[in-house]
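Input: a single structure, listed below in structure tokens.
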Amino acid sequence: MQSSGTGQQGAATGEFTATPWPRRALGTLAGCGTALLHAGYFLLAGTPLAPFLLWPRTRTTALGVLLGGARRLTGLERGRRSSFFGDRFPAPAGPPGPEALRYLAVRTGTGLLLTLVLALLLFGVVLAGILALRAVQLSLGVGQLVSQAALGGVLLFLDVQGLYALAALDTRTAHAFFGPSERELLQRRIDELATSRAAVVAAVDTERRRIERDLHDGIQQRLVALSMLLGRARRGRARDPERADALLTQAHQETQDVLAELREVTWRVYPSALDTLGLQEALGGVSERCALPVRTEYDVDRPLPQPVRTAAYFVISEAVTNAAKHAQASKIGVRVQLLSYTLHLTITDDGRGGADPAGGGLTGLRSRVAACNGVLRIDSPAGGPTTIAAELPCT
């Protein structure tokens, strides 16, 4: 499924994508090599520059020379993280500052320790091979074999734990340096909330205008017609009783139609079944009112928070309505599934596709989902089918 407008934030936030473990293992080995390179740089370049860094008059020039090499080394680390670990970091805002030296120092220490741990692991593998060879040659007693195997198992466990801990530290250090700062993340979150708030306000205004239009163009016109029928029946009751009875019958039918349309409008505003019977029953009402067959799969085993329940209902209701009106579809499928603490919604139709993610209907869906800190994905190639997927966190 192709994402449309949401969820594409890896390049902006320093996220990473999963990569196969052999590739990550190669990246770890490459990190050991770059750590040796960093150590050599600090030794060969930092040592001669140290006196000039201590003297105030030459400190700026010496620091600039040292940072020039650090720029290339940090670029090498960025490439290593991107190539082997799938990290996607934002472009650097400018030349590196002193924090680049701090990052390289931490990276050097981590990489050298990682090299030592890997060397110990390799040494342990060699000893394990020797132990296995001696066991095959029956030159070891059972007690010696058990004690050596137990000791080797404990050392292997500690070595692997150290390997994972150092690799995790390397990842956190890279994300802290190359990724956005906490201030940038906070500002980005503020901007997202402001945009979401504006979208919600716009969606509410649009909904109010739709309700006013439904009441004015639908129910109000029917009530005017009903009033006219009753007036004609009252005026003609004395002259033509049969005609008056026919008008009253027509007025009675008009009353039933007005009540049905009023129930439809109130249901679209907010279905009472959503609070009294739950989301599953409310979605059953959506299926009953749709002109197309709707197949609904509901897999939720616990109550949902009220905001999530409401957002899920309106997302599905509006998506089904849009598909029935514009997609030229013959059937619609709806799936509601709660996985961990996230509610997953999937609405599919077999229509003509080509839905515009920037259109009014889909923009409204995106606003509803964004108001709950959710993610909306739209896949609608020309010729169909169309799939709308939403993820709503329930925490």
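Here's how to read the names in the structure tokens: chain A, B, ... by the order shown, residue numbers from 1 in each chain, ligand numbers from 1 in the order shown.
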
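Taking the backbone of this structure through DSSP, the residues of range 279-319 of chain A that come out as strand (DSSP E) are Val294, Arg295, Thr296, Glu297, Tyr298 and Asp299 of chain A.
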
Given the selection you just returned, output its residues as a file containing C-alpha atoms, formatted as an mmCIF file, in the first residue's frame.
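And here's again.cif as it stands now:
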```cif
data_model
loop_
_atom_site.group_PDB
_atom_site.id
_atom_site.type_symbol
_atom_site.label_atom_id
_atom_site.label_comp_id
_atom_site.auth_asym_id
_atom_site.auth_seq_id
_atom_site.Cartn_x
_atom_site.Cartn_y
_atom_site.Cartn_z
ATOM 1 C CA VAL A 294 -21.048 -3.972 3.005
ATOM 2 C CA ARG A 295 -19.156 -6.874 4.591
ATOM 3 C CA THR A 296 -17.901 -5.960 8.062
ATOM 4 C CA GLU A 297 -15.307 -7.875 10.095
ATOM 5 C CA TYR A 298 -15.092 -6.764 13.719
ATOM 6 C CA ASP A 299 -12.263 -8.097 15.880
#
```

Point to revise | Within 12 Å of Ile332 in chain A using only C-alpha atoms, minus same-chain residues under 6 positions, as a PyMOL selection string | key: chain A and resi 286-287+290-297+316-317+319-325+346-351+385-388

Keeping C-alpha atoms for every residue in the selection just given, could you write it to a file as a CSV table (one decimal), in the first residue's frame?
```csv
chain,number,residue,atom,x,y,z
A,286,VAL,CA,-24.0,2.0,8.4
A,287,SER,CA,-24.2,-1.2,6.5
A,290,CYS,CA,-25.7,1.9,2.4
A,291,ALA,CA,-27.0,1.2,-1.1
A,292,LEU,CA,-24.2,-1.3,-1.7
A,293,PRO,CA,-23.5,-4.6,0.2
A,294,VAL,CA,-21.0,-4.0,3.0
A,295,ARG,CA,-19.2,-6.9,4.6
A,296,THR,CA,-17.9,-6.0,8.1
A,297,GLU,CA,-15.3,-7.9,10.1
A,316,ILE,CA,-15.8,4.3,8.3
A,317,SER,CA,-19.1,6.0,7.8
A,319,ALA,CA,-15.4,6.3,3.7
A,320,VAL,CA,-18.4,4.0,3.0
A,321,THR,CA,-20.5,6.9,1.9
A,322,ASN,CA,-17.8,8.2,-0.4
A,323,ALA,CA,-17.3,4.8,-2.0
A,324,ALA,CA,-21.1,4.3,-2.5
A,325,LYS,CA,-21.5,7.8,-4.1
A,346,THR,CA,-9.4,-1.0,6.7
A,347,ILE,CA,-12.1,0.1,4.1
A,348,THR,CA,-11.9,-1.4,0.6
A,349,ASP,CA,-14.1,-1.2,-2.5
A,350,ASP,CA,-13.8,-2.6,-6.0
A,351,GLY,CA,-14.6,0.7,-7.7
A,385,PRO,CA,-9.4,-1.1,-6.0
A,386,THR,CA,-9.3,1.6,-3.3
A,387,THR,CA,-8.0,0.8,0.2
A,388,ILE,CA,-8.2,3.3,3.0
```

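Nearest-residue note for Ala389 in chain A: choosing from A:Gln337, A:Leu66, A:Arg78, A:Cys372, the minimum distance belongs to A:Gln337, counting only C-alpha atoms.
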
Point to revise | Close residues, Pro98 in chain A itself excluded, 12 Å, only C-alpha atoms, min 5 positions apart in chain, as a ChimeraX atom specification | key: /A:60,63-68,70-71,103-105,177

Selection above as a file: C-alpha atoms, as a compact mmCIF listing (two decimals), in the first residue's frame:
```
# COMPACT_ATOMS: atom_id res chain seq x y z
CA THR A 60 39.99 28.96 17.11
CA LEU A 63 39.73 23.87 16.45
CA GLY A 64 38.74 24.70 12.88
CA VAL A 65 41.45 22.38 11.54
CA LEU A 66 40.35 19.59 13.86
CA LEU A 67 36.69 20.06 12.93
CA GLY A 68 37.58 19.90 9.24
CA ALA A 70 35.72 15.62 12.00
CA ARG A 71 33.33 16.72 9.23
CA TYR A 103 30.27 12.33 19.23
CA LEU A 104 33.45 11.00 17.62
CA ALA A 105 35.04 10.53 21.05
CA PHE A 177 23.84 13.44 17.17
```

Practice item. Tell me which protein, DNA and RNA residues are within 6 Å of range 240-255 of chain A, counting only C-alpha atoms, leaving out same-chain ones fewer than 3 positions away, and put them as a PyMOL selection string. Key: chain A and resi 226+229+233+236-237+258

Review point. Could you pull out all residues of range 212-366 of chain A with a DSSP call of alpha helix (DSSP H) and give them as JSON, numbers by chain?
Key: {"A": [212, 213, 214, 220, 221, 222, 223, 224, 225, 226, 227, 228, 229, 230, 231, 232, 233, 234, 235, 236, 241, 242, 243, 244, 245, 246, 247, 248, 249, 250, 251, 252, 253, 254, 255, 256, 257, 258, 259, 260, 261, 262, 263, 264, 265, 266, 267, 268, 269, 273, 274, 275, 276, 279, 280, 281, 282, 283, 284, 285, 286, 287, 288, 289, 306, 307, 308, 309, 310, 311, 312, 313, 314, 315, 316, 317, 318, 319, 320, 321, 322, 323, 324, 325, 326, 360, 361, 362, 363, 364, 365, 366]}

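With distances restricted to only C-alpha atoms, A:Leu36 is the closest residue to Gly111 in chain A from A:Leu365, A:Leu145, A:Leu36, A:Leu49.
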